[in-house]
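Colleague: This is final.tsv, which holds TSV, C-alpha atoms:
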chain	number	residue	atom	x	y	z
A	18	MET	CA	0.43	12.35	41.32
A	19	SER	CA	-0.43	8.85	42.43
A	20	HIS	CA	3.24	7.94	43.06
A	21	PRO	CA	4.27	7.65	46.70
A	22	ALA	CA	6.71	10.37	47.76
A	23	SER	CA	9.58	7.90	48.22
A	24	THR	CA	9.32	6.46	44.67
A	25	ALA	CA	8.28	9.64	42.85
A	26	LEU	CA	10.54	10.49	39.95
A	27	PRO	CA	11.84	13.99	39.43
A	28	PRO	CA	9.86	15.89	36.75
A	29	SER	CA	12.72	15.76	34.26
A	30	ALA	CA	12.96	11.96	34.62
A	31	GLU	CA	9.21	11.63	34.10
A	32	VAL	CA	9.43	13.68	30.93
A	33	GLU	CA	12.30	11.49	29.69
A	34	LEU	CA	10.36	8.32	30.46
A	35	GLY	CA	7.35	9.72	28.63
A	36	GLN	CA	9.52	10.48	25.61
A	37	LEU	CA	11.05	7.01	25.76
A	38	ASP	CA	7.60	5.46	25.94
A	39	ARG	CA	6.47	7.41	22.88
A	40	LEU	CA	9.65	6.47	21.04
A	41	CYS	CA	9.12	2.77	21.81
A	42	THR	CA	5.51	2.99	20.63
A	43	SER	CA	6.61	4.63	17.42
A	44	ILE	CA	9.30	1.99	16.79
A	45	ARG	CA	6.85	-0.86	17.41
A	46	GLY	CA	4.35	0.73	15.01
A	47	LYS	CA	7.08	1.19	12.43
A	48	LEU	CA	8.23	-2.44	12.70
A	49	GLN	CA	4.64	-3.64	12.42
A	50	PHE	CA	4.23	-1.49	9.31
A	51	MET	CA	7.39	-2.94	7.74
A	52	ASP	CA	6.18	-6.46	8.47
A	53	TYR	CA	2.87	-5.60	6.82
A	54	LEU	CA	4.62	-4.18	3.75
A	55	VAL	CA	6.80	-7.26	3.30
A	56	ARG	CA	3.86	-9.66	3.62
A	57	ALA	CA	1.72	-7.59	1.25
A	58	ALA	CA	4.44	-7.24	-1.39
A	59	VAL	CA	5.18	-10.99	-1.41
A	60	ALA	CA	1.49	-11.95	-1.58
A	61	ASP	CA	0.82	-9.47	-4.40
A	62	VAL	CA	3.82	-10.64	-6.44
A	63	GLU	CA	2.52	-14.21	-6.19
A	64	ARG	CA	-0.88	-13.09	-7.43
A	65	PHE	CA	0.66	-10.92	-10.15
A	66	GLU	CA	2.52	-13.91	-11.58
A	67	GLY	CA	-0.69	-15.90	-11.95
A	68	GLU	CA	-2.85	-13.06	-13.28
A	69	ALA	CA	-3.81	-12.95	-16.97
A	70	ASP	CA	-6.16	-9.96	-17.08
A	71	PRO	CA	-4.23	-6.82	-18.19
A	72	GLY	CA	-6.28	-4.46	-16.02
A	73	THR	CA	-5.82	-6.54	-12.88
A	74	ARG	CA	-2.11	-6.89	-13.61
A	75	ILE	CA	-1.84	-3.11	-13.72
A	76	PHE	CA	-3.74	-2.89	-10.44
A	77	LEU	CA	-1.40	-5.43	-8.83
A	78	ARG	CA	1.67	-3.71	-10.25
A	79	GLN	CA	0.56	-0.45	-8.62
A	80	LEU	CA	0.08	-2.22	-5.31
A	81	ILE	CA	3.51	-3.85	-5.46
A	82	GLU	CA	5.13	-0.53	-6.37
A	83	MET	CA	3.38	1.21	-3.47
A	84	HIS	CA	4.43	-1.43	-0.93
A	85	ALA	CA	7.99	-1.65	-2.26
A	86	SER	CA	8.56	2.12	-2.34
A	87	ASN	CA	7.22	2.53	1.20
A	88	LEU	CA	9.38	-0.34	2.39
A	89	ALA	CA	12.44	1.29	0.81
A	90	VAL	CA	11.65	4.57	2.63
A	91	GLU	CA	11.19	2.77	5.94
A	92	CYS	CA	14.46	0.87	5.48
A	93	GLU	CA	16.27	4.10	4.73
A	94	ASN	CA	14.84	5.64	7.92
A	95	MET	CA	16.00	2.63	9.91
A	96	ARG	CA	19.47	2.93	8.44
A	97	LEU	CA	19.60	6.59	9.50
A	98	VAL	CA	18.48	5.63	13.02
A	99	GLY	CA	21.23	3.01	13.09
A	100	GLU	CA	23.80	5.60	12.03
A	101	LEU	CA	22.54	7.99	14.72
A	102	CYS	CA	22.83	5.27	17.37
A	103	GLY	CA	26.37	4.49	16.20
A	104	SER	CA	27.33	8.18	16.36
A	105	LEU	CA	25.85	8.57	19.83
A	106	GLU	CA	27.65	5.48	21.05
A	107	SER	CA	31.01	6.61	19.69
A	108	LEU	CA	30.44	10.06	21.20
A	109	VAL	CA	29.81	8.57	24.62
A	110	ASN	CA	32.75	6.19	24.31
A	111	SER	CA	35.11	9.01	23.37
A	112	GLU	CA	34.35	10.79	26.68
A	113	PRO	CA	36.78	9.56	29.38
A	114	SER	CA	34.49	10.30	32.39
A	115	PHE	CA	30.81	9.46	33.11
A	116	GLY	CA	30.98	6.61	35.58
A	117	THR	CA	33.88	4.65	34.16
A	118	GLU	CA	36.26	6.21	36.66
A	119	ASP	CA	33.80	5.73	39.50
A	120	ALA	CA	33.31	2.11	38.60
A	121	ALA	CA	37.04	1.45	38.45
B	26	MET	CA	-10.98	-9.00	9.36
B	27	ASN	CA	-10.06	-9.35	12.97
B	28	GLY	CA	-9.04	-5.75	13.35
B	29	ARG	CA	-5.33	-6.43	12.75
B	30	PRO	CA	-4.18	-5.82	9.22
B	31	THR	CA	-0.93	-7.67	9.92
B	32	ASP	CA	-2.80	-10.79	10.96
B	33	ALA	CA	-5.30	-10.54	8.18
B	34	ASN	CA	-4.22	-10.96	4.60
B	35	PRO	CA	-2.61	-7.60	3.86
B	36	SER	CA	-2.49	-8.01	0.13
B	37	ALA	CA	-4.93	-7.42	-2.65
B	38	THR	CA	-6.00	-11.02	-2.37
B	39	ALA	CA	-8.18	-9.88	0.51
B	40	LEU	CA	-10.10	-7.77	-1.95
B	41	ASP	CA	-11.94	-9.55	-4.67
B	42	SER	CA	-11.17	-7.06	-7.37
B	43	ARG	CA	-13.24	-8.82	-10.00
B	44	PRO	CA	-16.44	-10.05	-8.37
B	45	ASP	CA	-18.17	-10.82	-11.65
B	46	SER	CA	-15.09	-11.97	-13.53
B	47	ASP	CA	-16.16	-15.62	-13.76
B	48	ALA	CA	-19.58	-14.72	-15.08
B	49	ASP	CA	-18.07	-12.31	-17.62
B	50	THR	CA	-15.57	-14.87	-18.82
B	51	GLU	CA	-18.31	-17.43	-19.30
B	52	THR	CA	-20.39	-14.96	-21.31
B	53	VAL	CA	-17.51	-13.94	-23.55
B	54	THR	CA	-16.45	-17.55	-24.10
B	55	ALA	CA	-19.98	-18.59	-24.99
B	56	SER	CA	-20.47	-15.75	-27.46
B	57	GLN	CA	-17.05	-16.33	-29.03
B	58	SER	CA	-17.68	-20.05	-29.52
B	59	GLU	CA	-21.03	-19.22	-31.12
B	60	LEU	CA	-19.28	-16.85	-33.54
B	61	ALA	CA	-16.72	-19.50	-34.35
B	62	THR	CA	-19.39	-21.89	-35.46
B	63	THR	CA	-21.09	-19.33	-37.71
B	64	SER	CA	-17.95	-17.71	-39.04
B	65	ASP	CA	-14.27	-18.52	-39.17
B	66	ARG	CA	-13.34	-14.83	-38.80
B	67	PRO	CA	-11.56	-14.00	-35.56
B	68	SER	CA	-13.66	-11.65	-33.43
B	69	ASP	CA	-12.61	-8.01	-33.81
B	70	PRO	CA	-12.20	-6.42	-30.38
B	71	GLY	CA	-12.73	-2.98	-31.95
B	72	GLY	CA	-10.16	-0.24	-31.64
B	73	SER	CA	-6.39	-0.35	-31.83
B	74	PRO	CA	-4.19	-2.42	-29.49
B	75	GLU	CA	-2.98	0.90	-28.03
B	76	LEU	CA	-6.55	1.81	-27.18
B	77	HIS	CA	-7.07	-1.53	-25.45
B	78	ARG	CA	-3.86	-1.09	-23.52
B	79	ALA	CA	-4.98	2.39	-22.47
B	80	LEU	CA	-8.37	1.03	-21.36
B	81	ALA	CA	-6.67	-1.72	-19.34
B	82	GLU	CA	-4.51	0.95	-17.74
B	83	VAL	CA	-7.58	3.00	-16.80
B	84	LYS	CA	-9.33	-0.05	-15.37
B	85	GLY	CA	-6.26	-1.10	-13.40
B	86	GLN	CA	-5.70	2.37	-11.99
B	87	ALA	CA	-9.38	2.79	-11.14
B	88	GLN	CA	-9.32	-0.59	-9.39
B	89	PHE	CA	-6.32	0.60	-7.41
B	90	LEU	CA	-8.08	3.80	-6.32
B	91	LEU	CA	-11.11	1.80	-5.24
B	92	TYR	CA	-8.87	-0.53	-3.28
B	93	LEU	CA	-7.16	2.43	-1.55
B	94	ALA	CA	-10.50	4.00	-0.62
B	95	ASP	CA	-11.72	0.67	0.79
B	96	GLN	CA	-8.55	0.22	2.80
B	97	ILE	CA	-8.72	3.78	4.17
B	98	GLU	CA	-12.31	3.21	5.26
B	99	GLU	CA	-11.42	-0.06	6.97
B	100	SER	CA	-8.27	1.30	8.62
B	101	LEU	CA	-10.12	4.38	9.90
B	102	GLN	CA	-12.71	2.15	11.53
B	103	GLN	CA	-9.96	0.11	13.20
B	104	PHE	CA	-8.16	3.28	14.24
B	105	ALA	CA	-11.29	4.58	16.00
B	106	GLU	CA	-11.65	1.33	17.96
B	107	GLU	CA	-7.96	0.72	18.66
B	108	ALA	CA	-6.71	0.85	22.25
B	109	ASP	CA	-3.14	-0.33	21.72
B	110	ALA	CA	-0.82	2.64	21.10
B	111	SER	CA	1.70	0.81	18.93
B	112	HIS	CA	-1.04	-0.58	16.73
B	113	SER	CA	-2.47	2.92	16.43
B	114	ALA	CA	0.96	4.10	15.30
B	115	PHE	CA	0.95	1.31	12.72
B	116	LEU	CA	-2.50	2.34	11.50
B	117	CYS	CA	-1.33	5.95	11.21
B	118	LYS	CA	1.44	4.83	8.90
B	119	VAL	CA	-0.94	2.68	6.86
B	120	LEU	CA	-3.42	5.54	6.52
B	121	SER	CA	-0.67	7.92	5.55
B	122	MET	CA	0.54	5.55	2.84
B	123	TYR	CA	-2.93	4.93	1.40
B	124	SER	CA	-4.01	8.56	1.43
B	125	GLY	CA	-0.72	9.68	-0.12
B	126	GLN	CA	-1.13	7.17	-2.92
B	127	LEU	CA	-4.77	8.10	-3.42
B	128	GLU	CA	-3.85	11.73	-3.86
B	129	VAL	CA	-1.07	11.03	-6.37
B	130	LYS	CA	-2.78	8.28	-8.37
B	131	TYR	CA	-6.03	10.18	-8.63
B	132	GLN	CA	-4.26	12.83	-10.70
B	133	SER	CA	-2.51	10.34	-12.97
B	134	LEU	CA	-5.79	8.50	-13.56
B	135	GLY	CA	-7.43	11.76	-14.64
B	136	GLU	CA	-4.70	12.32	-17.20
B	137	ARG	CA	-4.93	8.73	-18.39
B	138	ILE	CA	-8.70	8.96	-18.82
B	139	ALA	CA	-8.36	12.13	-20.88
B	140	GLU	CA	-5.84	10.41	-23.19
B	141	THR	CA	-8.01	7.32	-23.54
B	142	CYS	CA	-11.13	9.34	-24.33
B	143	GLN	CA	-9.19	11.15	-27.01
B	144	GLU	CA	-8.17	7.75	-28.50
B	145	VAL	CA	-11.80	6.60	-28.43
B	146	TYR	CA	-12.93	9.80	-30.12
B	147	LEU	CA	-10.31	9.39	-32.88
B	148	THR	CA	-11.28	5.74	-33.40
B	149	VAL	CA	-14.96	6.60	-33.76
B	150	ARG	CA	-14.20	9.48	-36.12
B	151	GLU	CA	-12.02	7.23	-38.33
B	152	ARG	CA	-14.84	4.69	-38.55
B	153	ASP	CA	-17.38	7.39	-39.41
B	154	ALA	CA	-15.13	8.83	-42.12
B	155	GLY	CA	-14.43	5.38	-43.59
As C-alpha coordinates, how would this structure be written, given the file I've shared?
Modeller:
Amino acid sequence: MSHPASTALPPSAEVELGQLDRLCTSIRGKLQFMDYLVRAAVADVERFEGEADPGTRIFLRQLIEMHASNLAVECENMRLVGELCGSLESLVNSEPSFGTEDAA
Amino acid sequence: MNGRPTDANPSATALDSRPDSDADTETVTASQSELATTSDRPSDPGGSPELHRALAEVKGQAQFLLYLADQIEESLQQFAEEADASHSAFLCKVLSMYSGQLEVKYQSLGERIAETCQEVYLTVRERDAG
(Lines of atoms letter the chains of each structure in order from A and count residues from 1; the text may use other names and numbers.)
(Lines give C-alpha, C1' and ligand atoms only; values in the text may rest on other atoms or scores of the structure.)
Protein backbone atom coordinates (compact mmCIF):
# COMPACT_ATOMS: atom_id res chain seq x y z
CA MET A 1 0.00 0.00 0.00
CA SER A 2 1.09 3.57 -0.56
CA HIS A 3 -0.03 4.66 2.94
CA PRO A 4 2.78 5.37 5.42
CA ALA A 5 2.88 2.86 8.27
CA SER A 6 1.85 5.46 10.86
CA THR A 7 -1.35 6.50 8.99
CA ALA A 8 -2.26 3.12 7.51
CA LEU A 9 -5.78 2.04 8.36
CA PRO A 10 -6.52 -1.45 9.58
CA PRO A 11 -7.91 -3.69 6.79
CA SER A 12 -11.40 -3.73 8.28
CA ALA A 13 -11.50 0.09 8.36
CA GLU A 14 -10.35 0.24 4.74
CA VAL A 15 -13.13 -2.12 3.73
CA GLU A 16 -15.66 0.01 5.60
CA LEU A 17 -14.38 3.18 3.95
CA GLY A 18 -14.60 1.50 0.57
CA GLN A 19 -18.19 0.50 1.28
CA LEU A 20 -19.00 4.01 2.46
CA ASP A 21 -17.47 5.45 -0.69
CA ARG A 22 -19.56 3.15 -2.87
CA LEU A 23 -22.67 4.00 -0.88
CA CYS A 24 -22.05 7.74 -1.30
CA THR A 25 -21.52 7.28 -5.04
CA SER A 26 -24.75 5.33 -5.31
CA ILE A 27 -26.69 7.98 -3.36
CA ARG A 28 -25.30 10.80 -5.51
CA GLY A 29 -26.24 8.89 -8.67
CA LYS A 30 -29.71 8.24 -7.29
CA LEU A 31 -30.26 11.91 -6.42
CA GLN A 32 -29.04 12.96 -9.86
CA PHE A 33 -31.47 10.48 -11.40
CA MET A 34 -34.38 11.86 -9.35
CA ASP A 35 -33.48 15.39 -10.38
CA TYR A 36 -33.45 14.25 -14.01
CA LEU A 37 -36.85 12.57 -13.65
CA VAL A 38 -38.45 15.66 -12.11
CA ARG A 39 -37.08 17.98 -14.81
CA ALA A 40 -38.11 15.60 -17.58
CA ALA A 41 -41.63 15.07 -16.25
CA VAL A 42 -42.27 18.81 -15.88
CA ALA A 43 -40.90 19.62 -19.34
CA ASP A 44 -42.93 16.84 -20.97
CA VAL A 45 -46.16 17.89 -19.24
CA GLU A 46 -45.66 21.42 -20.58
CA ARG A 47 -45.20 20.06 -24.08
CA PHE A 48 -48.13 17.66 -23.70
CA GLU A 49 -50.47 20.54 -22.87
CA GLY A 50 -49.57 22.37 -26.06
CA GLU A 51 -49.59 19.34 -28.36
CA ALA A 52 -52.47 18.81 -30.80
CA ASP A 53 -51.30 15.75 -32.74
CA PRO A 54 -52.87 12.57 -31.24
CA GLY A 55 -49.84 10.39 -31.98
CA THR A 56 -47.40 12.80 -30.37
CA ARG A 57 -49.71 13.20 -27.38
CA ILE A 58 -49.61 9.44 -26.88
CA PHE A 59 -45.82 9.50 -27.17
CA LEU A 60 -45.61 12.28 -24.56
CA ARG A 61 -48.07 10.52 -22.29
CA GLN A 62 -45.87 7.41 -22.33
CA LEU A 63 -42.83 9.51 -21.48
CA ILE A 64 -44.60 11.23 -18.58
CA GLU A 65 -45.84 7.88 -17.26
CA MET A 66 -42.34 6.41 -17.45
CA HIS A 67 -40.74 9.34 -15.62
CA ALA A 68 -43.50 9.53 -13.01
CA SER A 69 -43.51 5.80 -12.24
CA ASN A 70 -39.72 5.72 -11.90
CA LEU A 71 -39.83 8.77 -9.65
CA ALA A 72 -42.44 7.08 -7.46
CA VAL A 73 -40.21 3.99 -7.14
CA GLU A 74 -37.18 6.12 -6.26
CA CYS A 75 -39.18 8.07 -3.66
CA GLU A 76 -40.37 4.83 -2.11
CA ASN A 77 -36.76 3.60 -1.91
CA MET A 78 -35.73 6.83 -0.24
CA ARG A 79 -38.54 6.49 2.27
CA LEU A 80 -37.34 2.98 3.12
CA VAL A 81 -33.77 4.27 3.56
CA GLY A 82 -35.12 6.97 5.86
CA GLU A 83 -36.98 4.37 7.91
CA LEU A 84 -33.82 2.24 8.12
CA CYS A 85 -31.80 5.23 9.31
CA GLY A 86 -34.46 5.99 11.93
CA SER A 87 -34.43 2.38 13.14
CA LEU A 88 -30.64 2.31 13.34
CA GLU A 89 -30.58 5.57 15.25
CA SER A 90 -33.18 4.42 17.77
CA LEU A 91 -31.29 1.13 18.17
CA VAL A 92 -28.06 2.96 18.96
CA ASN A 93 -29.82 5.38 21.30
CA SER A 94 -31.47 2.56 23.22
CA GLU A 95 -28.02 1.12 24.10
CA PRO A 96 -26.76 2.70 27.35
CA SER A 97 -23.00 2.21 26.65
CA PHE A 98 -20.82 3.00 23.58
CA GLY A 99 -18.92 6.10 24.58
CA THR A 100 -21.61 8.00 26.42
CA GLU A 101 -20.28 6.79 29.76
CA ASP A 102 -16.69 7.49 28.73
CA ALA A 103 -17.59 10.97 27.63
CA ALA A 104 -19.40 11.74 30.88
CA MET B 1 -25.42 17.45 -25.63
CA ASN B 2 -22.61 18.21 -23.28
CA GLY B 3 -22.42 14.70 -21.92
CA ARG B 4 -24.63 15.44 -18.90
CA PRO B 5 -28.24 14.49 -19.33
CA THR B 6 -29.19 16.51 -16.25
CA ASP B 7 -27.69 19.66 -17.72
CA ALA B 8 -29.08 19.03 -21.15
CA ASN B 9 -32.79 19.11 -21.75
CA PRO B 10 -33.88 15.75 -20.36
CA SER B 11 -37.31 15.76 -21.89
CA ALA B 12 -38.69 14.79 -25.23
CA THR B 13 -38.26 18.37 -26.35
CA ALA B 14 -34.64 17.47 -26.99
CA LEU B 15 -35.84 15.05 -29.61
CA ASP B 16 -37.63 16.47 -32.57
CA SER B 17 -40.18 13.73 -32.85
CA ARG B 18 -41.77 15.13 -35.98
CA PRO B 19 -39.02 16.42 -38.25
CA ASP B 20 -41.27 16.78 -41.27
CA SER B 21 -44.40 17.82 -39.40
CA ASP B 22 -44.43 21.39 -40.74
CA ALA B 23 -44.05 20.25 -44.31
CA ASP B 24 -46.79 17.63 -43.86
CA THR B 25 -49.16 20.13 -42.33
CA GLU B 26 -48.61 22.53 -45.19
CA THR B 27 -49.30 19.79 -47.74
CA VAL B 28 -52.48 18.64 -46.04
CA THR B 29 -53.73 22.20 -45.59
CA ALA B 30 -53.07 23.03 -49.23
CA SER B 31 -54.85 19.92 -50.51
CA GLN B 32 -57.79 20.44 -48.16
CA SER B 33 -58.26 24.07 -49.22
CA GLU B 34 -58.16 22.96 -52.86
CA LEU B 35 -60.90 20.41 -52.15
CA ALA B 36 -62.96 23.04 -50.39
CA THR B 37 -62.99 25.21 -53.46
CA THR B 38 -64.05 22.37 -55.75
CA SER B 39 -66.48 20.72 -53.38
CA ASP B 40 -68.27 21.63 -50.18
CA ARG B 41 -68.04 18.04 -48.91
CA PRO B 42 -65.84 17.62 -45.85
CA SER B 43 -62.83 15.44 -46.65
CA ASP B 44 -63.32 11.82 -45.59
CA PRO B 45 -60.31 10.61 -43.63
CA GLY B 46 -61.21 7.01 -44.51
CA GLY B 47 -61.82 4.40 -41.86
CA SER B 48 -63.64 4.62 -38.56
CA PRO B 49 -62.67 7.00 -35.73
CA GLU B 50 -61.61 3.89 -33.77
CA LEU B 51 -59.22 2.96 -36.54
CA HIS B 52 -57.72 6.44 -36.52
CA ARG B 53 -57.35 6.32 -32.76
CA ALA B 54 -55.64 2.93 -33.06
CA LEU B 55 -53.28 4.29 -35.73
CA ALA B 56 -52.43 7.30 -33.55
CA GLU B 57 -51.72 4.89 -30.71
CA VAL B 58 -49.37 2.85 -32.91
CA LYS B 59 -47.58 5.97 -34.10
CA GLY B 60 -47.23 7.33 -30.57
CA GLN B 61 -45.93 4.05 -29.20
CA ALA B 62 -43.53 3.60 -32.11
CA GLN B 63 -42.27 7.15 -31.57
CA PHE B 64 -41.70 6.28 -27.92
CA LEU B 65 -39.70 3.15 -28.79
CA LEU B 66 -37.57 5.15 -31.21
CA TYR B 67 -36.98 7.75 -28.53
CA LEU B 68 -35.93 5.06 -26.02
CA ALA B 69 -33.52 3.48 -28.50
CA ASP B 70 -31.99 6.90 -29.25
CA GLN B 71 -31.60 7.66 -25.57
CA ILE B 72 -30.02 4.27 -24.86
CA GLU B 73 -27.52 4.83 -27.66
CA GLU B 74 -26.64 8.29 -26.38
CA SER B 75 -26.42 7.22 -22.73
CA LEU B 76 -24.22 4.23 -23.61
CA GLN B 77 -21.82 6.54 -25.41
CA GLN B 78 -21.68 8.84 -22.37
CA PHE B 79 -21.27 5.86 -20.06
CA ALA B 80 -18.23 4.65 -22.03
CA GLU B 81 -16.57 8.07 -21.75
CA GLU B 82 -17.60 8.87 -18.17
CA ALA B 83 -14.92 9.17 -15.50
CA ASP B 84 -17.05 10.40 -12.60
CA ALA B 85 -18.37 7.47 -10.56
CA SER B 86 -21.56 9.13 -9.36
CA HIS B 87 -22.46 10.18 -12.88
CA SER B 88 -21.81 6.63 -14.03
CA ALA B 89 -24.23 5.45 -11.34
CA PHE B 90 -26.77 7.95 -12.67
CA LEU B 91 -26.27 6.69 -16.23
CA CYS B 92 -26.75 3.11 -15.02
CA LYS B 93 -30.12 4.06 -13.60
CA VAL B 94 -31.09 5.90 -16.79
CA LEU B 95 -30.07 2.94 -18.95
CA SER B 96 -31.95 0.56 -16.71
CA MET B 97 -35.10 2.68 -16.97
CA TYR B 98 -34.92 3.02 -20.75
CA SER B 99 -34.13 -0.62 -21.44
CA GLY B 100 -36.86 -1.79 -19.06
CA GLN B 101 -39.40 0.40 -20.82
CA LEU B 102 -38.19 -0.70 -24.25
CA GLU B 103 -38.69 -4.33 -23.33
CA VAL B 104 -42.21 -3.81 -21.96
CA LYS B 105 -43.48 -1.34 -24.57
CA TYR B 106 -42.14 -3.37 -27.46
CA GLN B 107 -44.55 -6.16 -26.55
CA SER B 108 -47.55 -3.87 -26.15
CA LEU B 109 -46.80 -2.21 -29.50
CA GLY B 110 -46.78 -5.62 -31.19
CA GLU B 111 -50.23 -6.36 -29.78
CA ARG B 112 -51.49 -2.93 -30.78
CA ILE B 113 -50.21 -3.33 -34.34
CA ALA B 114 -51.95 -6.68 -34.67
CA GLU B 115 -55.25 -5.14 -33.53
CA THR B 116 -54.87 -2.17 -35.87
CA CYS B 117 -54.06 -4.37 -38.86
CA GLN B 118 -57.16 -6.39 -38.14
CA GLU B 119 -59.21 -3.14 -38.12
CA VAL B 120 -57.67 -2.10 -41.44
CA TYR B 121 -58.43 -5.50 -42.94
CA LEU B 122 -62.08 -5.31 -41.81
CA THR B 123 -62.42 -1.76 -43.18
CA VAL B 124 -61.07 -2.78 -46.57
CA ARG B 125 -63.28 -5.86 -46.68
CA GLU B 126 -66.39 -3.79 -45.85
CA ARG B 127 -65.57 -1.38 -48.68
CA ASP B 128 -65.01 -4.25 -51.12
CA ALA B 129 -68.31 -5.89 -50.16
CA GLY B 130 -70.21 -2.59 -50.42
Colleague: Residues of chain A within 6 Å of chain B, counting only C-alpha atoms - could you list those as a PyMOL selection string?
Modeller: chain A and resi 42+45-46+50+53+57+60-61+71-73+75-76
Colleague: What's the separation between CA of Cys92 in chain A and CA of Arg39 in chain A, in Å to one decimal place?
Modeller: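 Spanning CA of Cys92 in chain A to CA of Arg39 in chain A is a straight-line distance of 20.2 Å.
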Colleague: Any idea what the distance is between CA of Ala105 in chain B and CA of Leu48 in chain A?
Modeller: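 Taking CA of Ala105 in chain B and CA of Leu48 in chain A, their separation equals 21.0 Å.
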Colleague: Can you tell me which residues surround range 78-85 of chain A at a distance of at most 7 Å, considering all atoms listed in the file, apart from same-chain residues fewer than 2 positions away, and format the answer as a ChimeraX atom specification?
Modeller: /A:54,58,61-62,74-76,87-89
Colleague: Counting all atoms listed in the file, what is within 8 Å of Gln103 in chain B, bar same-chain residues fewer than 3 positions away, as a list of chain:residue names?
Modeller: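 The residues satisfying every condition are B:Gly28, B:Glu99, B:Ser100, B:Glu106, B:Glu107, B:Leu116.
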